[in-house]
>>> print(open('target-v2.pdb').read())   # PDB, C-alpha atoms and all ligand atoms
ATOM      1  CA  MET A   1     101.518  76.662 100.403
ATOM      2  CA  ASP A   2     104.215  74.601  98.691
ATOM      3  CA  LYS A   3     107.147  76.903  98.177
ATOM      4  CA  ARG A   4     109.304  74.209  96.547
ATOM      5  CA  ILE A   5     108.073  75.500  93.199
ATOM      6  CA  ILE A   6     110.082  78.710  93.792
ATOM      7  CA  ILE A   7     113.348  76.851  94.266
ATOM      8  CA  GLU A   8     112.618  74.425  91.402
ATOM      9  CA  ASN A   9     111.897  77.338  89.088
ATOM     10  CA  TYR A  10     114.992  79.263  90.104
ATOM     11  CA  SER A  11     117.028  76.131  89.592
ATOM     12  CA  VAL A  12     115.709  75.288  86.131
ATOM     13  CA  GLN A  13     113.762  78.098  84.427
ATOM     14  CA  ASN A  14     115.022  81.319  85.963
ATOM     15  CA  SER A  15     118.698  80.310  86.033
ATOM     16  CA  ILE A  16     118.698  80.064  82.217
ATOM     17  CA  THR A  17     117.729  83.717  81.868
ATOM     18  CA  TYR A  18     119.197  85.175  85.077
ATOM     19  CA  GLU A  19     122.551  86.204  83.618
ATOM     20  CA  ASN A  20     121.112  88.356  80.838
ATOM     21  CA  ASP A  21     122.390  91.944  80.851
ATOM     22  CA  THR A  22     118.936  93.467  81.264
ATOM     23  CA  ASN A  23     118.276  91.458  84.406
ATOM     24  CA  LYS A  24     121.642  92.529  85.849
ATOM     25  CA  ASN A  25     121.368  96.214  84.970
ATOM     26  CA  PHE A  26     117.683  97.114  84.906
ATOM     27  CA  LEU A  27     115.104  97.425  87.684
ATOM     28  CA  TYR A  28     115.878  94.851  90.428
ATOM     29  CA  GLY A  29     119.411  94.329  89.079
ATOM     30  CA  GLN A  30     120.035  98.057  89.130
ATOM     31  CA  ALA A  31     118.582  98.348  92.658
ATOM     32  CA  THR A  32     120.843  95.489  93.802
ATOM     33  CA  LYS A  33     123.925  97.202  92.432
ATOM     34  CA  GLU A  34     123.029 100.469  94.169
ATOM     35  CA  PHE A  35     122.386  98.635  97.436
ATOM     36  CA  VAL A  36     125.637  96.635  97.327
ATOM     37  CA  LYS A  37     127.647  99.773  96.515
ATOM     38  CA  LYS A  38     126.592 101.178  99.890
ATOM     39  CA  ILE A  39     127.738  98.097 101.837
ATOM     40  CA  LYS A  40     130.974  98.686 103.694
ATOM     41  CA  LEU A  41     133.188  95.913 105.004
ATOM     42  CA  ASN A  42     135.430  96.991 107.856
ATOM     43  CA  ASN A  43     138.609  95.385 109.155
ATOM     44  CA  LYS A  44     136.831  92.988 111.455
ATOM     45  CA  ASP A  45     134.564  91.673 108.662
ATOM     46  CA  ASN A  46     136.441  88.509 107.739
ATOM     47  CA  VAL A  47     133.600  86.036 107.268
ATOM     48  CA  ILE A  48     130.786  87.142 104.971
ATOM     49  CA  ALA A  49     127.693  85.123 104.068
ATOM     50  CA  ASP A  50     125.332  85.953 101.208
ATOM     51  CA  ILE A  51     122.056  84.100 101.762
ATOM     52  CA  GLY A  52     120.005  83.456  98.615
ATOM     53  CA  CYS A  53     123.148  84.287  96.619
ATOM     54  CA  GLY A  54     121.748  82.955  93.335
ATOM     55  CA  THR A  55     124.366  83.160  90.582
ATOM     56  CA  GLY A  56     126.764  85.121  92.811
ATOM     57  CA  PHE A  57     125.829  88.654  91.732
ATOM     58  CA  VAL A  58     126.836  90.208  95.082
ATOM     59  CA  PHE A  59     130.268  88.560  94.960
ATOM     60  CA  GLU A  60     130.797  89.831  91.422
ATOM     61  CA  LEU A  61     130.203  93.324  92.774
ATOM     62  CA  ILE A  62     132.029  93.099  96.089
ATOM     63  CA  THR A  63     135.060  90.799  95.893
ATOM     64  CA  LYS A  64     137.141  93.068  93.643
ATOM     65  CA  LYS A  65     136.670  95.948  96.054
ATOM     66  CA  TYR A  66     137.933  93.894  99.011
ATOM     67  CA  GLN A  67     141.175  92.148  98.087
ATOM     68  CA  LYS A  68     142.255  91.092 101.623
ATOM     69  CA  ASN A  69     143.379  87.453 101.502
ATOM     70  CA  ASN A  70     141.924  86.452 104.824
ATOM     71  CA  ILE A  71     138.263  87.129 103.970
ATOM     72  CA  ASN A  72     136.026  84.095 103.534
ATOM     73  CA  PHE A  73     132.873  84.564 101.489
ATOM     74  CA  TYR A  74     130.068  81.996 101.683
ATOM     75  CA  GLY A  75     127.226  81.944  99.175
ATOM     76  CA  ILE A  76     124.155  79.979 100.243
ATOM     77  CA  ASP A  77     121.287  79.082  97.907
ATOM     78  CA  PRO A  78     118.844  76.173  97.548
ATOM     79  CA  ALA A  79     118.602  76.334  93.718
ATOM     80  CA  LYS A  80     121.242  73.984  92.297
ATOM     81  CA  GLY A  81     120.947  75.525  88.812
ATOM     82  CA  MET A  82     121.781  78.977  90.201
ATOM     83  CA  LEU A  83     124.728  77.642  92.244
ATOM     84  CA  LYS A  84     126.097  75.794  89.221
ATOM     85  CA  ILE A  85     126.341  79.089  87.310
ATOM     86  CA  ALA A  86     127.809  80.845  90.362
ATOM     87  CA  LYS A  87     130.553  78.224  90.778
ATOM     88  CA  LYS A  88     131.467  78.379  87.110
ATOM     89  CA  LYS A  89     131.555  82.153  87.039
ATOM     90  CA  ILE A  90     133.208  83.162  90.333
ATOM     91  CA  LYS A  91     136.861  82.148  90.227
ATOM     92  CA  ASP A  92     137.912  83.943  93.429
ATOM     93  CA  LYS A  93     139.296  81.221  95.736
ATOM     94  CA  ARG A  94     137.981  82.986  98.846
ATOM     95  CA  VAL A  95     134.375  82.303  97.775
ATOM     96  CA  LYS A  96     132.616  79.025  98.618
ATOM     97  CA  PHE A  97     129.088  78.091  97.604
ATOM     98  CA  ILE A  98     126.912  75.909  99.814
ATOM     99  CA  ASP A  99     123.484  74.388  99.260
ATOM    100  CA  GLY A 100     121.014  75.681 101.871
ATOM    101  CA  THR A 101     118.050  77.892 102.623
ATOM    102  CA  PHE A 102     117.433  80.913 104.809
ATOM    103  CA  GLU A 103     115.473  78.645 107.134
ATOM    104  CA  LYS A 104     118.336  76.120 107.397
ATOM    105  CA  ILE A 105     121.704  77.726 106.789
ATOM    106  CA  ASN A 106     124.577  75.242 106.707
ATOM    107  CA  LEU A 107     126.931  77.405 108.747
ATOM    108  CA  LYS A 108     128.019  77.057 112.389
ATOM    109  CA  ASN A 109     126.704  79.162 115.295
ATOM    110  CA  ASN A 110     128.317  82.581 115.904
ATOM    111  CA  THR A 111     130.691  82.423 112.951
ATOM    112  CA  ILE A 112     129.607  85.174 110.558
ATOM    113  CA  ASP A 113     130.750  88.814 110.713
ATOM    114  CA  LYS A 114     128.363  90.093 108.060
ATOM    115  CA  VAL A 115     125.261  88.681 106.411
ATOM    116  CA  ILE A 116     124.287  90.111 103.042
ATOM    117  CA  SER A 117     121.152  89.182 101.129
ATOM    118  CA  THR A 118     119.647  90.730  98.018
ATOM    119  CA  LEU A 119     116.096  90.096  96.827
ATOM    120  CA  ALA A 120     115.784  86.616  98.324
ATOM    121  CA  LEU A 121     114.124  86.970 101.751
ATOM    122  CA  HIS A 122     110.652  87.567 100.265
ATOM    123  CA  TRP A 123     110.759  84.081  98.686
ATOM    124  CA  VAL A 124     111.238  82.088 101.898
ATOM    125  CA  ALA A 125     108.693  79.753 103.493
ATOM    126  CA  SER A 126     109.119  81.402 106.903
ATOM    127  CA  ILE A 127     110.600  84.840 107.581
ATOM    128  CA  ASP A 128     110.557  84.081 111.323
ATOM    129  CA  LYS A 129     112.644  80.942 110.948
ATOM    130  CA  SER A 130     114.979  82.815 108.606
ATOM    131  CA  ILE A 131     115.666  85.638 111.065
ATOM    132  CA  LYS A 132     116.150  83.100 113.850
ATOM    133  CA  GLU A 133     118.795  81.415 111.686
ATOM    134  CA  LEU A 134     120.493  84.755 111.017
ATOM    135  CA  LYS A 135     120.723  85.316 114.772
ATOM    136  CA  ARG A 136     122.216  81.846 115.217
ATOM    137  CA  ILE A 137     125.003  82.199 112.615
ATOM    138  CA  LEU A 138     125.854  85.844 113.315
ATOM    139  CA  LYS A 139     128.713  86.678 115.700
ATOM    140  CA  ASN A 140     127.652  88.793 118.649
ATOM    141  CA  ASN A 141     129.168  91.907 117.069
ATOM    142  CA  GLY A 142     128.155  90.994 113.514
ATOM    143  CA  SER A 143     126.004  92.996 111.101
ATOM    144  CA  ILE A 144     123.320  92.396 108.473
ATOM    145  CA  ASP A 145     122.484  94.098 105.151
ATOM    146  CA  ILE A 146     119.281  92.874 103.479
ATOM    147  CA  LEU A 147     117.449  94.126 100.419
ATOM    148  CA  MET A 148     113.959  92.716  99.892
ATOM    149  CA  ILE A 149     110.684  93.766  98.338
ATOM    150  CA  GLU A 150     108.194  95.827 100.321
ATOM    151  CA  LYS A 151     104.477  95.026 100.444
ATOM    152  CA  ASN A 152     103.504  97.438  97.661
ATOM    153  CA  ASP A 153     106.288  96.568  95.250
ATOM    154  CA  GLY A 154     105.023  96.535  91.656
ATOM    155  CA  LYS A 155     101.413  96.912  92.793
ATOM    156  CA  ASN A 156     100.263  98.586  89.581
ATOM    157  CA  PHE A 157     102.467  96.548  87.278
ATOM    158  CA  LYS A 158     101.248  93.313  88.831
ATOM    159  CA  LYS A 159      97.628  94.304  88.244
ATOM    160  CA  ILE A 160      98.433  93.983  84.535
ATOM    161  CA  VAL A 161     100.095  90.595  85.051
ATOM    162  CA  PHE A 162      97.155  89.279  87.094
ATOM    163  CA  LYS A 163      94.663  90.557  84.522
ATOM    164  CA  VAL A 164      96.371  88.381  81.908
ATOM    165  CA  MET A 165      96.710  85.458  84.328
ATOM    166  CA  LYS A 166      92.918  85.509  84.746
ATOM    167  CA  LYS A 167      92.564  84.277  81.174
ATOM    168  CA  PHE A 168      94.661  81.200  81.967
ATOM    169  CA  LEU A 169      94.079  80.313  85.629
ATOM    170  CA  THR A 170      91.270  80.022  88.163
ATOM    171  CA  ASN A 171      90.953  82.593  90.954
ATOM    172  CA  LYS A 172      92.253  80.021  93.414
ATOM    173  CA  GLN A 173      95.323  79.342  91.290
ATOM    174  CA  ILE A 174      95.983  83.069  91.022
ATOM    175  CA  PHE A 175      95.557  83.490  94.759
ATOM    176  CA  ASN A 176      98.058  80.682  95.381
ATOM    177  CA  ALA A 177     100.524  82.168  92.902
ATOM    178  CA  ALA A 178     100.297  85.566  94.620
ATOM    179  CA  LYS A 179     100.959  83.891  97.975
ATOM    180  CA  LEU A 180     104.316  82.536  96.795
ATOM    181  CA  ILE A 181     105.892  85.872  97.631
ATOM    182  CA  ASN A 182     106.018  87.366 101.143
ATOM    183  CA  ARG A 183     104.686  90.904 100.944
ATOM    184  CA  ILE A 184     105.728  92.578 104.156
ATOM    185  CA  THR A 185     105.598  96.133 105.503
ATOM    186  CA  LYS A 186     108.407  98.019 107.218
ATOM    187  CA  ASN A 187     106.662  97.678 110.586
ATOM    188  CA  GLU A 188     106.001  93.962 110.203
ATOM    189  CA  ILE A 189     109.638  93.176 109.380
ATOM    190  CA  LYS A 190     110.790  95.415 112.252
ATOM    191  CA  LYS A 191     108.646  93.405 114.679
ATOM    192  CA  LYS A 192     110.162  90.168 113.404
ATOM    193  CA  PHE A 193     113.723  91.427 113.935
ATOM    194  CA  GLU A 194     112.756  92.641 117.422
ATOM    195  CA  LYS A 195     111.744  89.106 118.312
ATOM    196  CA  TYR A 196     115.244  87.716 117.798
ATOM    197  CA  PHE A 197     117.616  90.679 118.214
ATOM    198  CA  ASN A 198     117.678  92.852 121.295
ATOM    199  CA  LEU A 199     117.170  96.285 119.758
ATOM    200  CA  GLU A 200     116.921  98.051 123.119
ATOM    201  CA  SER A 201     120.433  97.410 124.292
ATOM    202  CA  ASN A 202     122.456  95.408 121.726
ATOM    203  CA  TYR A 203     121.583  96.193 118.119
ATOM    204  CA  LYS A 204     120.601  99.137 115.961
ATOM    205  CA  LEU A 205     118.100  98.444 113.183
ATOM    206  CA  SER A 206     117.576 100.775 110.232
ATOM    207  CA  ILE A 207     114.829 100.009 107.702
ATOM    208  CA  LYS A 208     114.338 102.302 104.733
ATOM    209  CA  ILE A 209     111.618 102.084 102.108
ATOM    210  CA  LYS A 210     113.026 102.810  98.688
ATOM    211  CA  LYS A 211     110.404 103.788  96.117
ATOM    212  CA  LYS A 212     111.035 104.601  92.481
ATOM    213  CA  ILE A 213     109.164 104.389  89.181
ATOM    214  CA  ILE A 214     111.315 102.556  86.660
ATOM    215  CA  TYR A 215     110.457 102.808  82.960
ATOM    216  CA  GLY A 216     111.398 100.224  80.387
ATOM    217  CA  ASN A 217     110.271  98.795  77.102
ATOM    218  CA  CYS A 218     108.263  95.593  76.892
ATOM    219  CA  ASP A 219     111.334  93.406  76.238
ATOM    220  CA  ASP A 220     113.184  94.860  79.242
ATOM    221  CA  HIS A 221     110.265  94.013  81.515
ATOM    222  CA  LEU A 222     109.832  90.531  80.095
ATOM    223  CA  LYS A 223     113.537  89.845  80.564
ATOM    224  CA  TRP A 224     113.723  90.640  84.278
ATOM    225  CA  TRP A 225     110.385  88.989  84.765
ATOM    226  CA  SER A 226     111.432  85.700  83.160
ATOM    227  CA  ALA A 227     114.677  85.714  85.190
ATOM    228  CA  ARG A 228     112.956  86.218  88.519
ATOM    229  CA  SER A 229     109.243  85.474  88.493
ATOM    230  CA  GLN A 230     108.404  82.502  86.274
ATOM    231  CA  GLN A 231     107.245  80.525  89.319
ATOM    232  CA  VAL A 232     104.039  82.575  89.427
ATOM    233  CA  ILE A 233     102.979  81.105  86.083
ATOM    234  CA  SER A 234     104.126  77.539  86.741
ATOM    235  CA  GLU A 235     100.518  76.296  86.476
ATOM    236  CA  ILE A 236      99.880  77.921  83.100
ATOM    237  CA  LYS A 237     100.021  75.285  80.372
ATOM    238  CA  ASN A 238     100.509  77.509  77.325
ATOM    239  CA  LYS A 239     103.229  79.823  78.622
ATOM    240  CA  LYS A 240     104.082  81.139  75.178
ATOM    241  CA  LEU A 241     100.522  82.330  74.622
ATOM    242  CA  PHE A 242     100.509  83.877  78.097
ATOM    243  CA  ILE A 243     103.684  85.852  77.331
ATOM    244  CA  ASN A 244     102.219  87.064  74.028
ATOM    245  CA  ASN A 245      99.083  88.220  75.836
ATOM    246  CA  LEU A 246     101.168  89.892  78.539
ATOM    247  CA  ARG A 247     103.209  91.682  75.894
ATOM    248  CA  LYS A 248     100.032  93.112  74.317
ATOM    249  CA  GLU A 249      98.625  94.180  77.678
ATOM    250  CA  LEU A 250     101.880  95.801  78.863
ATOM    251  CA  ASN A 251     102.138  97.807  75.661
ATOM    252  CA  LYS A 252      98.765  99.389  76.422
ATOM    253  CA  PHE A 253     100.394 101.071  79.437
ATOM    254  CA  LYS A 254     103.302 102.487  77.484
ATOM    255  CA  THR A 255     104.008 106.159  78.141
ATOM    256  CA  LYS A 256     106.534 108.466  76.474
ATOM    257  CA  LYS A 257     109.132 107.291  78.998
ATOM    258  CA  GLY A 258     108.237 103.620  78.604
ATOM    259  CA  ILE A 259     106.202 101.079  80.588
ATOM    260  CA  PRO A 260     106.323 101.989  84.298
ATOM    261  CA  PHE A 261     107.168  99.645  87.166
ATOM    262  CA  ASP A 262     106.426 100.922  90.677
ATOM    263  CA  LEU A 263     109.404  99.650  92.653
ATOM    264  CA  SER A 264     109.129  99.561  96.448
ATOM    265  CA  LEU A 265     111.992  97.930  98.341
ATOM    266  CA  LEU A 266     113.095  97.544 101.947
ATOM    267  CA  GLU A 267     116.716  98.269 102.809
ATOM    268  CA  ILE A 268     117.378  96.615 106.154
ATOM    269  CA  ARG A 269     120.593  97.194 108.086
ATOM    270  CA  LEU A 270     121.345  95.741 111.490
ATOM    271  CA  THR A 271     124.504  96.746 113.357
ATOM    272  CA  LYS A 272     125.869  96.282 116.870
ATOM    273  CA  LYS A 273     125.288  99.329 119.115
TER     274      LYS A 273
HETATM  275  C1  LIG B 301     115.948  87.115  92.732
HETATM  276  S1  LIG B 301     117.090  85.863  93.109
HETATM  277  C2  LIG B 301     118.366  86.823  93.891
HETATM  278  C3  LIG B 301     119.728  86.192  93.721
HETATM  279  C4  LIG B 301     120.891  87.100  94.135
HETATM  280  N1  LIG B 301     120.843  87.422  95.534
HETATM  281  C5  LIG B 301     120.910  88.351  93.302
HETATM  282  O1  LIG B 301     120.675  89.439  93.822
HETATM  283  O2  LIG B 301     121.143  88.228  92.094
HETATM  284  C6  LIG B 301     116.345  85.031  94.482
HETATM  285  C7  LIG B 301     117.165  83.874  95.013
HETATM  286  O3  LIG B 301     116.560  83.408  96.224
HETATM  287  C8  LIG B 301     116.727  82.028  96.274
HETATM  288  N2  LIG B 301     115.799  81.434  97.249
HETATM  289  C9  LIG B 301     114.528  80.985  97.058
HETATM  290  N3  LIG B 301     114.035  80.475  98.206
HETATM  291  C10 LIG B 301     115.014  80.616  99.138
HETATM  292  C11 LIG B 301     115.131  80.269 100.530
HETATM  293  N4  LIG B 301     114.120  79.681 101.179
HETATM  294  N5  LIG B 301     116.288  80.531 101.163
HETATM  295  C12 LIG B 301     117.312  81.138 100.512
HETATM  296  N6  LIG B 301     117.268  81.487  99.212
HETATM  297  C13 LIG B 301     116.134  81.240  98.535
HETATM  298  C14 LIG B 301     116.499  81.581  94.845
HETATM  299  O4  LIG B 301     116.985  80.292  94.597
HETATM  300  C15 LIG B 301     117.225  82.676  94.079
HETATM  301  O5  LIG B 301     118.555  82.317  93.804
END
>>> encode(input="target-v2.pdb", output="structure tokens")
Amino acid sequence: MDKRIIIENYSVQNSITYENDTNKNFLYGQATKEFVKKIKLNNKDNVIADIGCGTGFVFELITKKYQKNNINFYGIDPAKGMLKIAKKKIKDKRVKFIDGTFEKINLKNNTIDKVISTLALHWVASIDKSIKELKRILKNNGSIDILMIEKNDGKNFKKIVFKVMKKFLTNKQIFNAAKLINRITKNEIKKKFEKYFNLESNYKLSIKIKKKIIYGNCDDHLKWWSARSQQVISEIKNKKLFINNLRKELNKFKTKKGIPFDLSLLEIRLTKK
């Protein structure tokens, strides 16, 4: 599976629409804000890395709260288009943005006090390699806060998307598109962390599944979707027609509260015992 399409799309297509207010405040954006609000930096947290930082959303939310001069924030992302926006937007001198992936983080061994990552880990080519890299860069007494999608995220909503995709793509193309995203259960991700972090004696791991039905109108859904998921339709030639078809299909599922999305996220927190 060639995952380069994810990074290319984030760099070019998604970055154009990522900063829209709906994407920042609705559904995944809203969940990110709630997750980041719960992150606490303590006095020893002086070097923070956000992996898959995109346009710097986490830093927008966190840097004002922590004004200490001696904190260094590193934002890592492989999508140049996303980083370009981040660099333009975040003026805080303590923040540096670096090109890199979860699987190859351009930071030295044992240098990071806290790793933060929001809604990026499910896009990687290898979750194993990514966690191995986290272990490498993290200081022995460091901590990790990751938000990522859980296996069943948007299961019902995506049935509608795939139904429309069927009109434009072959089954094989749809299968490949679905494979772009890592859909992982709580137990599976726990096992992967256990491989690299000693949970018996050194680290405490908490993984929570956060489920919620989020209602929105058709435009709301199309806005977050075009900011985050256009890679799944990269093989569709007539994208405009696809979106029109998707709009019609989504509207069929409209309830009094709006069109539902069945959110299911994993909140992963690793701390030193
Ligand atoms: C949904 S965005 C999240 C961005 C940001 N964390 C936020 O919450 O707004 C997903 C990000 O993951 C990045 N990404 C894709 N593949 C990646 C990889 N292998 N390693 C690290 N980041 C990756 C994308 O470029 C994109 O910026």
>>> residues_near_ligand(input="target-v2.pdb", ligand="ligand LIG 301 (chain B)", cutoff="6 Å", atoms="only C-alpha atoms and all ligand atoms", output="PyMOL selection string")
chain A and resi 6-7+10+51-54+57+77-79+82+101-102+117-120+123-125+228
>>> write_last_selection(input="target-v2.pdb", atoms="C-alpha atoms", output="PDB file, keeping the file's coordinate frame")
ATOM      1  CA  ILE A   6     110.082  78.710  93.792  1.00  0.00           C
ATOM      2  CA  ILE A   7     113.348  76.851  94.266  1.00  0.00           C
ATOM      3  CA  TYR A  10     114.992  79.263  90.104  1.00  0.00           C
ATOM      4  CA  ILE A  51     122.056  84.100 101.762  1.00  0.00           C
ATOM      5  CA  GLY A  52     120.005  83.456  98.615  1.00  0.00           C
ATOM      6  CA  CYS A  53     123.148  84.287  96.619  1.00  0.00           C
ATOM      7  CA  GLY A  54     121.748  82.955  93.335  1.00  0.00           C
ATOM      8  CA  PHE A  57     125.829  88.654  91.732  1.00  0.00           C
ATOM      9  CA  ASP A  77     121.287  79.082  97.907  1.00  0.00           C
ATOM     10  CA  PRO A  78     118.844  76.173  97.548  1.00  0.00           C
ATOM     11  CA  ALA A  79     118.602  76.334  93.718  1.00  0.00           C
ATOM     12  CA  MET A  82     121.781  78.977  90.201  1.00  0.00           C
ATOM     13  CA  THR A 101     118.050  77.892 102.623  1.00  0.00           C
ATOM     14  CA  PHE A 102     117.433  80.913 104.809  1.00  0.00           C
ATOM     15  CA  SER A 117     121.152  89.182 101.129  1.00  0.00           C
ATOM     16  CA  THR A 118     119.647  90.730  98.018  1.00  0.00           C
ATOM     17  CA  LEU A 119     116.096  90.096  96.827  1.00  0.00           C
ATOM     18  CA  ALA A 120     115.784  86.616  98.324  1.00  0.00           C
ATOM     19  CA  TRP A 123     110.759  84.081  98.686  1.00  0.00           C
ATOM     20  CA  VAL A 124     111.238  82.088 101.898  1.00  0.00           C
ATOM     21  CA  ALA A 125     108.693  79.753 103.493  1.00  0.00           C
ATOM     22  CA  ARG A 228     112.956  86.218  88.519  1.00  0.00           C
TER      23      ARG A 228
END
>>> residues_around(input="target-v2.pdb", residues="segment 171-173 of chain A", least_positions_apart="4", cutoff="10 Å", atoms="only C-alpha atoms", output="compact mmCIF listing (two decimals) with C-alpha atoms, in the coordinates of the input")
# COMPACT_ATOMS: atom_id res chain seq x y z
CA PHE A 162 97.16 89.28 87.09
CA MET A 165 96.71 85.46 84.33
CA LYS A 166 92.92 85.51 84.75
CA ALA A 177 100.52 82.17 92.90
CA ALA A 178 100.30 85.57 94.62
CA LYS A 179 100.96 83.89 97.98
CA VAL A 232 104.04 82.58 89.43
CA ILE A 233 102.98 81.10 86.08
CA GLU A 235 100.52 76.30 86.48
CA ILE A 236 99.88 77.92 83.10
>>> atom_distance(input="target-v2.pdb", atom1="atom CA of Lys108 of chain A", atom2="atom CA of Tyr196 of chain A")
17.5 Å
>>> residues_around(input="target-v2.pdb", residues="segment 255-271 of chain A", least_positions_apart="3", cutoff="8 Å", atoms="all atoms listed in the file", output="PyMOL selection string")
chain A and resi 27+35+141-157+186+203-218+250-251
>>> closest_residue(input="target-v2.pdb", among="A:Ile116, A:Lys84, A:Ile16, A:Val161", to="Val58 of chain A", atoms="only C-alpha atoms")
A:Ile116
>>> closest_atom_pairs(input="target-v2.pdb", of="segment 63-176 of chain A", to="segment 188-193 of chain A", cutoff="9 Å", atoms="only C-alpha atoms", output="Markdown table")
| residue | atom | partner | partner_atom | distance |
| --- | --- | --- | --- | --- |
| A:Ile127 | CA | A:Lys192 | CA | 7.9 |
| A:Asp128 | CA | A:Lys192 | CA | 6.4 |
| A:Ile131 | CA | A:Phe193 | CA | 6.7 |
| A:Lys132 | CA | A:Phe193 | CA | 8.7 |
>>> resolve_selection(input="target-v2.pdb", expression="the PyMOL selection byres (((chain A and resi 112) around 9) and not hetatm)", output="NGL selection string")
:A and (45-49 or 107-111 or 113-115 or 137-139 or 142-143)
>>> write_last_selection(input="target-v2.pdb", atoms="C-alpha atoms", output="PDB file, in the coordinates of the input")
ATOM      1  CA  ASP A  45     134.564  91.673 108.662  1.00  0.00           C
ATOM      2  CA  ASN A  46     136.441  88.509 107.739  1.00  0.00           C
ATOM      3  CA  VAL A  47     133.600  86.036 107.268  1.00  0.00           C
ATOM      4  CA  ILE A  48     130.786  87.142 104.971  1.00  0.00           C
ATOM      5  CA  ALA A  49     127.693  85.123 104.068  1.00  0.00           C
ATOM      6  CA  LEU A 107     126.931  77.405 108.747  1.00  0.00           C
ATOM      7  CA  LYS A 108     128.019  77.057 112.389  1.00  0.00           C
ATOM      8  CA  ASN A 109     126.704  79.162 115.295  1.00  0.00           C
ATOM      9  CA  ASN A 110     128.317  82.581 115.904  1.00  0.00           C
ATOM     10  CA  THR A 111     130.691  82.423 112.951  1.00  0.00           C
ATOM     11  CA  ASP A 113     130.750  88.814 110.713  1.00  0.00           C
ATOM     12  CA  LYS A 114     128.363  90.093 108.060  1.00  0.00           C
ATOM     13  CA  VAL A 115     125.261  88.681 106.411  1.00  0.00           C
ATOM     14  CA  ILE A 137     125.003  82.199 112.615  1.00  0.00           C
ATOM     15  CA  LEU A 138     125.854  85.844 113.315  1.00  0.00           C
ATOM     16  CA  LYS A 139     128.713  86.678 115.700  1.00  0.00           C
ATOM     17  CA  GLY A 142     128.155  90.994 113.514  1.00  0.00           C
ATOM     18  CA  SER A 143     126.004  92.996 111.101  1.00  0.00           C
TER      19      SER A 143
END
>>> resolve_selection(input="target-v2.pdb", expression="the PyMOL selection byres (((chain A and resi 246) around 9) and not hetatm)", output="ChimeraX atom specification")
/A:160-161,163-165,222,241-245,247-251
>>> residues_near_point(input="target-v2.pdb", point="(142.0, 85.5, 93.9)", cutoff="10 Å", atoms="all atoms listed in the file", output="list of chain:residue names")
A:Thr63, A:Lys64, A:Gln67, A:Lys68, A:Asn69, A:Ile90, A:Lys91, A:Asp92, A:Lys93, A:Arg94, A:Val95
>>> atom_distance(input="target-v2.pdb", atom1="atom CA of Tyr18 of chain A", atom2="atom CA of Lys239 of chain A")
18.0 Å
